[in-house]
>>> print(open('input-v8.cif').read())   # mmCIF, N, CA and C atoms
data_protein
#
loop_
_atom_site.label_atom_id
_atom_site.label_comp_id
_atom_site.auth_asym_id
_atom_site.auth_seq_id
_atom_site.Cartn_x
_atom_site.Cartn_y
_atom_site.Cartn_z
N MET X 25 -16.54 7.36 31.27
CA MET X 25 -15.86 6.18 30.81
C MET X 25 -14.82 6.59 29.77
N ILE X 26 -13.64 6.02 29.87
CA ILE X 26 -12.55 6.31 28.95
C ILE X 26 -12.22 5.05 28.16
N LYS X 27 -12.27 5.15 26.85
CA LYS X 27 -11.91 4.02 26.00
C LYS X 27 -10.40 4.04 25.77
N LEU X 28 -9.77 2.92 25.95
CA LEU X 28 -8.33 2.84 25.75
C LEU X 28 -7.95 2.78 24.28
N LEU X 29 -8.80 2.18 23.47
CA LEU X 29 -8.55 2.10 22.03
C LEU X 29 -9.54 2.97 21.29
N GLU X 30 -9.03 3.91 20.50
CA GLU X 30 -9.92 4.75 19.70
C GLU X 30 -10.44 4.00 18.49
N ARG X 31 -9.57 3.25 17.85
CA ARG X 31 -9.94 2.48 16.67
C ARG X 31 -9.56 1.02 16.91
N THR X 32 -10.40 0.13 16.42
CA THR X 32 -10.07 -1.28 16.58
C THR X 32 -9.67 -1.92 15.25
N ARG X 33 -9.93 -1.23 14.13
CA ARG X 33 -9.55 -1.78 12.83
C ARG X 33 -8.11 -1.43 12.54
N ARG X 34 -7.37 -2.43 12.09
CA ARG X 34 -5.96 -2.22 11.79
C ARG X 34 -5.81 -1.73 10.35
N PRO X 35 -4.77 -0.95 10.07
CA PRO X 35 -4.59 -0.42 8.72
C PRO X 35 -4.16 -1.50 7.73
N ASP X 36 -4.44 -1.24 6.43
CA ASP X 36 -4.09 -2.19 5.39
C ASP X 36 -2.72 -1.95 4.79
N ILE X 37 -2.29 -0.69 4.75
CA ILE X 37 -0.98 -0.37 4.17
C ILE X 37 -0.38 0.81 4.93
N THR X 38 0.93 0.74 5.15
CA THR X 38 1.64 1.79 5.88
C THR X 38 2.83 2.25 5.06
N PHE X 39 2.97 3.56 4.93
CA PHE X 39 4.11 4.17 4.23
C PHE X 39 4.95 4.93 5.24
N CYS X 40 6.27 4.69 5.23
CA CYS X 40 7.21 5.39 6.10
C CYS X 40 8.15 6.22 5.23
N ARG X 41 8.54 7.39 5.70
CA ARG X 41 9.43 8.25 4.92
C ARG X 41 10.81 7.62 4.68
N ASN X 42 11.19 6.65 5.50
CA ASN X 42 12.47 5.99 5.28
C ASN X 42 12.41 4.96 4.15
N GLY X 43 11.20 4.77 3.54
CA GLY X 43 11.06 3.90 2.39
C GLY X 43 10.38 2.58 2.64
N ARG X 44 10.08 2.26 3.87
CA ARG X 44 9.44 0.97 4.17
C ARG X 44 7.94 1.06 3.93
N ILE X 45 7.42 0.05 3.24
CA ILE X 45 5.99 -0.06 2.97
C ILE X 45 5.55 -1.42 3.53
N SER X 46 4.59 -1.40 4.44
CA SER X 46 4.05 -2.63 5.02
C SER X 46 2.68 -2.89 4.42
N ILE X 47 2.47 -4.12 3.96
CA ILE X 47 1.24 -4.48 3.26
C ILE X 47 0.63 -5.69 3.96
N THR X 48 -0.65 -5.59 4.30
CA THR X 48 -1.31 -6.70 5.01
C THR X 48 -1.67 -7.82 4.04
N ALA X 49 -1.98 -8.97 4.62
CA ALA X 49 -2.32 -10.16 3.84
C ALA X 49 -3.59 -9.94 3.01
N ARG X 50 -4.51 -9.13 3.50
CA ARG X 50 -5.73 -8.84 2.74
C ARG X 50 -5.41 -8.16 1.42
N VAL X 51 -4.54 -7.17 1.45
CA VAL X 51 -4.14 -6.45 0.23
C VAL X 51 -3.36 -7.37 -0.70
N VAL X 52 -2.49 -8.19 -0.13
CA VAL X 52 -1.71 -9.15 -0.93
C VAL X 52 -2.66 -10.09 -1.67
N ARG X 53 -3.68 -10.56 -0.98
CA ARG X 53 -4.64 -11.47 -1.59
C ARG X 53 -5.45 -10.78 -2.69
N LEU X 54 -5.93 -9.56 -2.43
CA LEU X 54 -6.74 -8.84 -3.41
C LEU X 54 -5.95 -8.52 -4.68
N LEU X 55 -4.66 -8.19 -4.53
CA LEU X 55 -3.83 -7.86 -5.69
C LEU X 55 -3.14 -9.08 -6.28
N SER X 56 -3.28 -10.23 -5.64
CA SER X 56 -2.62 -11.46 -6.07
C SER X 56 -1.11 -11.27 -6.19
N LEU X 57 -0.52 -10.63 -5.19
CA LEU X 57 0.92 -10.36 -5.20
C LEU X 57 1.71 -11.64 -4.98
N GLN X 58 2.81 -11.74 -5.66
CA GLN X 58 3.78 -12.81 -5.50
C GLN X 58 5.13 -12.17 -5.18
N PRO X 59 6.03 -12.88 -4.52
CA PRO X 59 7.36 -12.32 -4.26
C PRO X 59 8.01 -11.88 -5.57
N GLY X 60 8.52 -10.66 -5.57
CA GLY X 60 9.16 -10.11 -6.76
C GLY X 60 8.29 -9.14 -7.53
N ASP X 61 6.97 -9.16 -7.29
CA ASP X 61 6.09 -8.18 -7.93
C ASP X 61 6.32 -6.81 -7.30
N SER X 62 5.98 -5.77 -8.02
CA SER X 62 6.11 -4.40 -7.51
C SER X 62 4.74 -3.80 -7.31
N ILE X 63 4.68 -2.80 -6.43
CA ILE X 63 3.44 -2.04 -6.27
C ILE X 63 3.66 -0.64 -6.81
N ASN X 64 2.56 0.01 -7.14
CA ASN X 64 2.62 1.38 -7.64
C ASN X 64 1.36 2.09 -7.15
N ILE X 65 1.41 3.41 -7.18
CA ILE X 65 0.30 4.26 -6.76
C ILE X 65 -0.13 5.09 -7.96
N ALA X 66 -1.43 5.23 -8.14
CA ALA X 66 -1.95 6.07 -9.22
C ALA X 66 -3.00 7.02 -8.64
N PHE X 67 -2.91 8.30 -9.02
CA PHE X 67 -3.91 9.29 -8.66
C PHE X 67 -4.73 9.58 -9.90
N HIS X 68 -6.07 9.53 -9.77
CA HIS X 68 -6.95 9.78 -10.91
C HIS X 68 -8.24 10.43 -10.41
N LEU X 69 -8.50 11.64 -10.88
CA LEU X 69 -9.72 12.37 -10.55
C LEU X 69 -9.97 12.45 -9.04
N GLY X 70 -8.94 12.79 -8.30
CA GLY X 70 -9.06 12.96 -6.85
C GLY X 70 -9.05 11.67 -6.05
N GLU X 71 -8.90 10.56 -6.70
CA GLU X 71 -8.83 9.27 -6.02
C GLU X 71 -7.42 8.72 -6.07
N CYS X 72 -7.08 7.89 -5.11
CA CYS X 72 -5.76 7.28 -5.04
C CYS X 72 -5.93 5.76 -5.13
N TYR X 73 -5.14 5.13 -5.98
CA TYR X 73 -5.27 3.69 -6.21
C TYR X 73 -3.93 2.99 -6.03
N LEU X 74 -3.99 1.77 -5.53
CA LEU X 74 -2.84 0.90 -5.38
C LEU X 74 -2.96 -0.19 -6.43
N LEU X 75 -1.87 -0.45 -7.15
CA LEU X 75 -1.89 -1.49 -8.17
C LEU X 75 -0.59 -2.27 -8.14
N ALA X 76 -0.62 -3.46 -8.75
CA ALA X 76 0.54 -4.34 -8.78
C ALA X 76 1.11 -4.40 -10.18
N SER X 77 2.43 -4.53 -10.27
CA SER X 77 3.11 -4.74 -11.54
C SER X 77 3.79 -6.10 -11.47
N ARG X 78 3.48 -6.95 -12.41
CA ARG X 78 4.05 -8.30 -12.44
C ARG X 78 5.40 -8.27 -13.14
N HIS X 79 6.33 -9.07 -12.65
CA HIS X 79 7.67 -9.16 -13.23
C HIS X 79 8.03 -10.62 -13.45
N GLU X 80 7.24 -11.31 -14.23
CA GLU X 80 7.51 -12.71 -14.52
C GLU X 80 8.70 -12.81 -15.48
N ASN X 81 9.65 -13.63 -15.13
CA ASN X 81 10.85 -13.85 -15.93
C ASN X 81 11.63 -12.56 -16.22
N ALA X 82 11.48 -11.58 -15.35
CA ALA X 82 12.19 -10.31 -15.55
C ALA X 82 13.56 -10.40 -14.89
N ILE X 83 14.50 -9.78 -15.51
CA ILE X 83 15.86 -9.75 -14.98
C ILE X 83 16.12 -8.35 -14.43
N GLY X 84 16.74 -8.29 -13.28
CA GLY X 84 17.09 -7.00 -12.70
C GLY X 84 16.24 -6.65 -11.49
N ARG X 85 16.54 -5.49 -10.96
CA ARG X 85 15.84 -5.02 -9.77
C ARG X 85 14.76 -4.03 -10.19
N HIS X 86 13.72 -3.96 -9.40
CA HIS X 86 12.61 -3.06 -9.69
C HIS X 86 12.29 -2.25 -8.44
N ILE X 87 11.74 -1.07 -8.63
CA ILE X 87 11.36 -0.21 -7.52
C ILE X 87 10.12 -0.78 -6.83
N ALA X 88 10.09 -0.72 -5.51
CA ALA X 88 8.97 -1.17 -4.68
C ALA X 88 8.64 -2.64 -4.89
N GLN X 89 9.67 -3.46 -5.00
CA GLN X 89 9.49 -4.91 -5.14
C GLN X 89 9.03 -5.49 -3.80
N CYS X 90 8.05 -6.38 -3.84
CA CYS X 90 7.45 -6.94 -2.64
C CYS X 90 8.09 -8.27 -2.26
N TYR X 91 8.09 -8.53 -0.97
CA TYR X 91 8.59 -9.80 -0.46
C TYR X 91 7.90 -10.09 0.87
N PRO X 92 7.76 -11.36 1.26
CA PRO X 92 7.11 -11.69 2.54
C PRO X 92 7.94 -11.19 3.72
N THR X 93 7.25 -10.80 4.79
CA THR X 93 7.95 -10.29 5.96
C THR X 93 8.74 -11.39 6.66
N LYS X 94 8.24 -12.62 6.61
CA LYS X 94 8.98 -13.77 7.13
C LYS X 94 8.50 -15.01 6.39
N LYS X 95 9.22 -16.07 6.52
CA LYS X 95 8.92 -17.30 5.78
C LYS X 95 7.51 -17.80 6.13
N GLY X 96 6.71 -18.04 5.09
CA GLY X 96 5.38 -18.55 5.28
C GLY X 96 4.33 -17.48 5.58
N SER X 97 4.72 -16.22 5.66
CA SER X 97 3.79 -15.15 5.98
C SER X 97 3.12 -14.62 4.72
N ARG X 98 1.88 -14.18 4.85
CA ARG X 98 1.18 -13.53 3.74
C ARG X 98 1.26 -12.01 3.84
N ASN X 99 1.84 -11.48 4.91
CA ASN X 99 2.10 -10.05 5.01
C ASN X 99 3.37 -9.74 4.23
N TYR X 100 3.34 -8.68 3.44
CA TYR X 100 4.47 -8.34 2.60
C TYR X 100 5.04 -6.98 2.97
N CYS X 101 6.27 -6.75 2.53
CA CYS X 101 6.95 -5.47 2.66
C CYS X 101 7.49 -5.08 1.30
N ALA X 102 7.74 -3.80 1.14
CA ALA X 102 8.41 -3.29 -0.05
C ALA X 102 9.25 -2.11 0.41
N ASN X 103 10.23 -1.73 -0.38
CA ASN X 103 11.08 -0.60 -0.05
C ASN X 103 11.20 0.33 -1.23
N SER X 104 10.84 1.60 -1.01
CA SER X 104 11.02 2.63 -2.01
C SER X 104 10.86 3.99 -1.34
N VAL X 105 11.98 4.66 -1.12
CA VAL X 105 11.94 5.98 -0.51
C VAL X 105 11.19 6.95 -1.41
N MET X 106 11.41 6.86 -2.71
CA MET X 106 10.78 7.77 -3.66
C MET X 106 9.25 7.60 -3.63
N LEU X 107 8.76 6.37 -3.69
CA LEU X 107 7.32 6.13 -3.69
C LEU X 107 6.68 6.57 -2.38
N CYS X 108 7.32 6.27 -1.26
CA CYS X 108 6.77 6.66 0.04
C CYS X 108 6.69 8.17 0.18
N ARG X 109 7.75 8.86 -0.15
CA ARG X 109 7.75 10.32 0.00
C ARG X 109 6.76 10.99 -0.95
N LEU X 110 6.66 10.49 -2.18
CA LEU X 110 5.68 11.04 -3.11
C LEU X 110 4.25 10.81 -2.61
N MET X 111 3.99 9.63 -2.08
CA MET X 111 2.65 9.31 -1.57
C MET X 111 2.31 10.22 -0.39
N LEU X 112 3.20 10.33 0.57
CA LEU X 112 2.94 11.16 1.75
C LEU X 112 2.83 12.64 1.37
N ASP X 113 3.66 13.11 0.46
CA ASP X 113 3.60 14.50 0.03
C ASP X 113 2.32 14.80 -0.73
N ASN X 114 1.90 13.90 -1.61
CA ASN X 114 0.65 14.11 -2.36
C ASN X 114 -0.57 14.10 -1.45
N CYS X 115 -0.48 13.39 -0.33
CA CYS X 115 -1.58 13.35 0.64
C CYS X 115 -1.44 14.45 1.68
N LYS X 116 -0.42 15.30 1.53
CA LYS X 116 -0.16 16.42 2.44
C LYS X 116 0.03 15.97 3.89
N ILE X 117 0.82 14.92 4.05
CA ILE X 117 1.12 14.38 5.37
C ILE X 117 2.58 14.70 5.69
N ARG X 118 2.81 15.33 6.82
CA ARG X 118 4.16 15.75 7.20
C ARG X 118 4.83 14.80 8.19
N GLU X 119 4.08 13.86 8.75
CA GLU X 119 4.65 12.94 9.72
C GLU X 119 5.59 11.95 9.04
N GLN X 120 6.32 11.18 9.84
CA GLN X 120 7.28 10.22 9.32
C GLN X 120 6.62 8.97 8.75
N ARG X 121 5.39 8.68 9.16
CA ARG X 121 4.70 7.51 8.65
C ARG X 121 3.20 7.75 8.69
N ALA X 122 2.50 7.06 7.81
CA ALA X 122 1.04 7.15 7.78
C ALA X 122 0.49 5.79 7.34
N SER X 123 -0.61 5.42 7.94
CA SER X 123 -1.27 4.16 7.62
C SER X 123 -2.63 4.46 7.02
N PHE X 124 -3.03 3.61 6.08
CA PHE X 124 -4.28 3.84 5.37
C PHE X 124 -5.09 2.56 5.28
N MET X 125 -6.40 2.75 5.11
CA MET X 125 -7.29 1.64 4.84
C MET X 125 -7.43 1.55 3.32
N VAL X 126 -7.76 0.37 2.84
CA VAL X 126 -7.94 0.13 1.42
C VAL X 126 -9.40 -0.23 1.19
N GLY X 127 -9.98 0.37 0.14
CA GLY X 127 -11.38 0.12 -0.18
C GLY X 127 -11.56 -1.10 -1.07
N LYS X 128 -12.64 -1.08 -1.82
CA LYS X 128 -12.97 -2.21 -2.69
C LYS X 128 -12.09 -2.22 -3.92
N GLU X 129 -11.97 -3.40 -4.48
CA GLU X 129 -11.16 -3.55 -5.69
C GLU X 129 -11.96 -3.19 -6.93
N GLU X 130 -11.27 -2.62 -7.90
CA GLU X 130 -11.86 -2.29 -9.20
C GLU X 130 -10.98 -2.91 -10.27
N THR X 131 -11.59 -3.37 -11.34
CA THR X 131 -10.82 -3.92 -12.44
C THR X 131 -10.98 -3.01 -13.65
N ARG X 132 -9.85 -2.55 -14.17
CA ARG X 132 -9.84 -1.70 -15.36
C ARG X 132 -8.79 -2.23 -16.32
N ASN X 133 -9.21 -2.48 -17.54
CA ASN X 133 -8.30 -2.99 -18.57
C ASN X 133 -7.54 -4.23 -18.11
N GLY X 134 -8.20 -5.08 -17.35
CA GLY X 134 -7.58 -6.31 -16.90
C GLY X 134 -6.66 -6.16 -15.70
N GLU X 135 -6.52 -4.95 -15.15
CA GLU X 135 -5.68 -4.72 -13.97
C GLU X 135 -6.56 -4.46 -12.77
N VAL X 136 -6.13 -4.94 -11.61
CA VAL X 136 -6.87 -4.74 -10.37
C VAL X 136 -6.33 -3.49 -9.68
N TYR X 137 -7.23 -2.57 -9.33
CA TYR X 137 -6.89 -1.36 -8.60
C TYR X 137 -7.61 -1.38 -7.26
N LEU X 138 -6.90 -1.02 -6.21
CA LEU X 138 -7.51 -0.90 -4.89
C LEU X 138 -7.50 0.57 -4.50
N SER X 139 -8.65 1.09 -4.14
CA SER X 139 -8.69 2.49 -3.74
C SER X 139 -8.12 2.63 -2.33
N ILE X 140 -7.27 3.63 -2.16
CA ILE X 140 -6.68 3.93 -0.86
C ILE X 140 -7.46 5.09 -0.26
N ILE X 141 -7.93 4.92 0.95
CA ILE X 141 -8.68 5.98 1.63
C ILE X 141 -7.65 6.89 2.30
N TYR X 142 -7.15 7.84 1.53
CA TYR X 142 -6.04 8.67 1.99
C TYR X 142 -6.48 9.94 2.69
N LYS X 143 -7.74 10.28 2.66
CA LYS X 143 -8.21 11.50 3.31
C LYS X 143 -8.40 11.31 4.80
N MET X 144 -8.35 10.05 5.26
CA MET X 144 -8.48 9.73 6.69
C MET X 144 -7.35 8.81 7.11
N PRO X 145 -6.09 9.31 7.17
CA PRO X 145 -4.99 8.43 7.57
C PRO X 145 -5.13 8.01 9.03
N LEU X 146 -4.60 6.86 9.35
CA LEU X 146 -4.66 6.35 10.73
C LEU X 146 -3.38 6.67 11.47
#
>>> encode(input="input-v8.cif", output="structure tokens")
Amino acid sequence: MIKLLERTRRPDITFCRNGRISITARVVRLLSLQPGDSINIAFHLGECYLLASRHENAIGRHIAQCYPTKKGSRNYCANSVMLCRLMLDNCKIREQRASFMVGKEETRNGEVYLSIIYKMPL
């Protein structure tokens, strides 16, 4: 018997070397992202975390600013060539894009961090 689909779970976040970052509605909900917020990546003790930066009443442009993929959608996108390339390089991925699953949320100092399971890219 041959299975046509190896995996049935869809990835939570995708990084492309051209700078496009796709974020699923689950991650948007867990981080409480709003249009205009930015995302960032933090590495700590061998773990990789995704976090949000709020820009309430901020003037100007920010790196990796999030916006809905289409009107009324909870799926978001962000653009940052620098963040994507640093993420893929730190994970030792040479392909043009990589998708990852996101683990449970952790709260530290009032900020929500989501662990990225980067050792098993999809």
>>> select_by_dssp(input="input-v8.cif", residues="range 45-124 of chain X", states="strand (DSSP E or B)", output="list in words")
Ile45, Ser46, Ile47, Ser62, Ile63, Asn64, Ile65, Ala66, Phe67, His68, Glu71, Cys72, Tyr73, Leu74, Leu75, Ala76, Ser77, Gln89, Cys90, Tyr91, Pro92, Tyr100, Cys101, Ala102, Asn103, Arg121, Ala122, Ser123 and Phe124 of chain X
>>> resolve_selection(input="input-v8.cif", expression="the PyMOL selection byres ((chain X and resi 39) around 6.5)", output="VMD selection string")
chain X and resid 37 to 38 40 to 46 108 120 to 124
>>> write_last_selection(input="input-v8.cif", atoms="N, CA and C atoms", output="PDB file, keeping the file's coordinate frame")
ATOM      1  N   ILE X  37      -2.290  -0.690   4.750  1.00  0.00           N
ATOM      2  CA  ILE X  37      -0.980  -0.370   4.170  1.00  0.00           C
ATOM      3  C   ILE X  37      -0.380   0.810   4.930  1.00  0.00           C
ATOM      4  N   THR X  38       0.930   0.740   5.150  1.00  0.00           N
ATOM      5  CA  THR X  38       1.640   1.790   5.880  1.00  0.00           C
ATOM      6  C   THR X  38       2.830   2.250   5.060  1.00  0.00           C
ATOM      7  N   CYS X  40       6.270   4.690   5.230  1.00  0.00           N
ATOM      8  CA  CYS X  40       7.210   5.390   6.100  1.00  0.00           C
ATOM      9  C   CYS X  40       8.150   6.220   5.230  1.00  0.00           C
ATOM     10  N   ARG X  41       8.540   7.390   5.700  1.00  0.00           N
ATOM     11  CA  ARG X  41       9.430   8.250   4.920  1.00  0.00           C
ATOM     12  C   ARG X  41      10.810   7.620   4.680  1.00  0.00           C
ATOM     13  N   ASN X  42      11.190   6.650   5.500  1.00  0.00           N
ATOM     14  CA  ASN X  42      12.470   5.990   5.280  1.00  0.00           C
ATOM     15  C   ASN X  42      12.410   4.960   4.150  1.00  0.00           C
ATOM     16  N   GLY X  43      11.200   4.770   3.540  1.00  0.00           N
ATOM     17  CA  GLY X  43      11.060   3.900   2.390  1.00  0.00           C
ATOM     18  C   GLY X  43      10.380   2.580   2.640  1.00  0.00           C
ATOM     19  N   ARG X  44      10.080   2.260   3.870  1.00  0.00           N
ATOM     20  CA  ARG X  44       9.440   0.970   4.170  1.00  0.00           C
ATOM     21  C   ARG X  44       7.940   1.060   3.930  1.00  0.00           C
ATOM     22  N   ILE X  45       7.420   0.050   3.240  1.00  0.00           N
ATOM     23  CA  ILE X  45       5.990  -0.060   2.970  1.00  0.00           C
ATOM     24  C   ILE X  45       5.550  -1.420   3.530  1.00  0.00           C
ATOM     25  N   SER X  46       4.590  -1.400   4.440  1.00  0.00           N
ATOM     26  CA  SER X  46       4.050  -2.630   5.020  1.00  0.00           C
ATOM     27  C   SER X  46       2.680  -2.890   4.420  1.00  0.00           C
ATOM     28  N   CYS X 108       7.320   6.270  -1.260  1.00  0.00           N
ATOM     29  CA  CYS X 108       6.770   6.660   0.040  1.00  0.00           C
ATOM     30  C   CYS X 108       6.690   8.170   0.180  1.00  0.00           C
ATOM     31  N   GLN X 120       6.320  11.180   9.840  1.00  0.00           N
ATOM     32  CA  GLN X 120       7.280  10.220   9.320  1.00  0.00           C
ATOM     33  C   GLN X 120       6.620   8.970   8.750  1.00  0.00           C
ATOM     34  N   ARG X 121       5.390   8.680   9.160  1.00  0.00           N
ATOM     35  CA  ARG X 121       4.700   7.510   8.650  1.00  0.00           C
ATOM     36  C   ARG X 121       3.200   7.750   8.690  1.00  0.00           C
ATOM     37  N   ALA X 122       2.500   7.060   7.810  1.00  0.00           N
ATOM     38  CA  ALA X 122       1.040   7.150   7.780  1.00  0.00           C
ATOM     39  C   ALA X 122       0.490   5.790   7.340  1.00  0.00           C
ATOM     40  N   SER X 123      -0.610   5.420   7.940  1.00  0.00           N
ATOM     41  CA  SER X 123      -1.270   4.160   7.620  1.00  0.00           C
ATOM     42  C   SER X 123      -2.630   4.460   7.020  1.00  0.00           C
ATOM     43  N   PHE X 124      -3.030   3.610   6.080  1.00  0.00           N
ATOM     44  CA  PHE X 124      -4.280   3.840   5.370  1.00  0.00           C
ATOM     45  C   PHE X 124      -5.090   2.560   5.280  1.00  0.00           C
TER      46      PHE X 124
END
>>> closest_residue(input="input-v8.cif", among="X:Asn133, X:Asn64, X:Thr32, X:Ser139", to="Leu110 in chain X", atoms="only C-alpha atoms")
X:Asn64
>>> select_by_dssp(input="input-v8.cif", residues="chain X", states="helix (DSSP H, G or I)", output="ChimeraX atom specification")
/X:49-55,105-114
>>> residues_around(input="input-v8.cif", residues="range 92-103 of chain X", least_positions_apart="2", cutoff="8 Å", atoms="only C-alpha atoms", output="VMD selection string")
chain X and resid 43 to 49 52 59 62 87 to 90 105
>>> atom_distance(input="input-v8.cif", atom1="CA of Glu130 in chain X", atom2="CA of Ile65 in chain X")
14.0 Å
>>> residues_around(input="input-v8.cif", residues="Leu55 in chain X", least_positions_apart="5", cutoff="7 Å", atoms="only N, CA and C atoms", output="PDB file with N, CA and C atoms, in the frame of the given file")
ATOM      1  N   ARG X  50      -4.510  -9.130   3.500  1.00  0.00           N
ATOM      2  CA  ARG X  50      -5.730  -8.840   2.740  1.00  0.00           C
ATOM      3  C   ARG X  50      -5.410  -8.160   1.420  1.00  0.00           C
ATOM      4  N   LEU X  75      -1.870  -0.450  -7.150  1.00  0.00           N
ATOM      5  CA  LEU X  75      -1.890  -1.490  -8.170  1.00  0.00           C
ATOM      6  C   LEU X  75      -0.590  -2.270  -8.140  1.00  0.00           C
ATOM      7  N   ALA X  76      -0.620  -3.460  -8.750  1.00  0.00           N
ATOM      8  CA  ALA X  76       0.540  -4.340  -8.780  1.00  0.00           C
ATOM      9  C   ALA X  76       1.110  -4.400 -10.180  1.00  0.00           C
ATOM     10  N   VAL X 136      -6.130  -4.940 -11.610  1.00  0.00           N
ATOM     11  CA  VAL X 136      -6.870  -4.740 -10.370  1.00  0.00           C
ATOM     12  C   VAL X 136      -6.330  -3.490  -9.680  1.00  0.00           C
TER      13      VAL X 136
END
>>> closest_residue(input="input-v8.cif", among="X:Gly84, X:Glu119, X:Arg33, X:Leu138", to="Leu54 in chain X", atoms="only N, CA and C atoms")
X:Leu138
>>> closest_residue(input="input-v8.cif", among="X:Phe67, X:Glu135, X:Ile83, X:Tyr91", to="Met111 in chain X", atoms="only C-alpha atoms")
X:Phe67
>>> decode(input="input-v8.cif", residues="range 126-140 of chain X", atoms="N, CA and C atoms", output="compact mmCIF listing (two decimals), in the first residue's frame")
# COMPACT_ATOMS: atom_id res chain seq x y z
N VAL X 126 4.57 24.92 15.47
CA VAL X 126 4.76 25.75 16.65
C VAL X 126 4.22 24.97 17.85
N GLY X 127 5.00 25.00 18.94
CA GLY X 127 4.62 24.28 20.15
C GLY X 127 3.72 25.12 21.05
N LYS X 128 3.77 24.79 22.33
CA LYS X 128 2.92 25.48 23.31
C LYS X 128 3.44 26.87 23.60
N GLU X 129 2.53 27.70 24.06
CA GLU X 129 2.91 29.07 24.40
C GLU X 129 3.48 29.14 25.81
N GLU X 130 4.44 30.03 25.99
CA GLU X 130 5.03 30.30 27.29
C GLU X 130 4.95 31.80 27.54
N THR X 131 4.73 32.17 28.78
CA THR X 131 4.68 33.59 29.12
C THR X 131 5.88 33.91 30.01
N ARG X 132 6.67 34.88 29.57
CA ARG X 132 7.84 35.33 30.34
C ARG X 132 7.82 36.84 30.38
N ASN X 133 7.88 37.38 31.58
CA ASN X 133 7.89 38.83 31.76
C ASN X 133 6.72 39.52 31.05
N GLY X 134 5.58 38.87 31.04
CA GLY X 134 4.40 39.45 30.42
C GLY X 134 4.33 39.31 28.91
N GLU X 135 5.33 38.66 28.28
CA GLU X 135 5.33 38.46 26.84
C GLU X 135 5.05 37.00 26.53
N VAL X 136 4.33 36.76 25.45
CA VAL X 136 4.00 35.40 25.02
C VAL X 136 5.05 34.94 24.02
N TYR X 137 5.64 33.78 24.27
CA TYR X 137 6.61 33.16 23.39
C TYR X 137 6.05 31.83 22.90
N LEU X 138 6.19 31.57 21.62
CA LEU X 138 5.79 30.28 21.05
C LEU X 138 7.06 29.55 20.61
N SER X 139 7.23 28.34 21.07
CA SER X 139 8.41 27.58 20.66
C SER X 139 8.21 27.08 19.23
N ILE X 140 9.25 27.24 18.43
CA ILE X 140 9.23 26.77 17.05
C ILE X 140 9.99 25.45 17.01
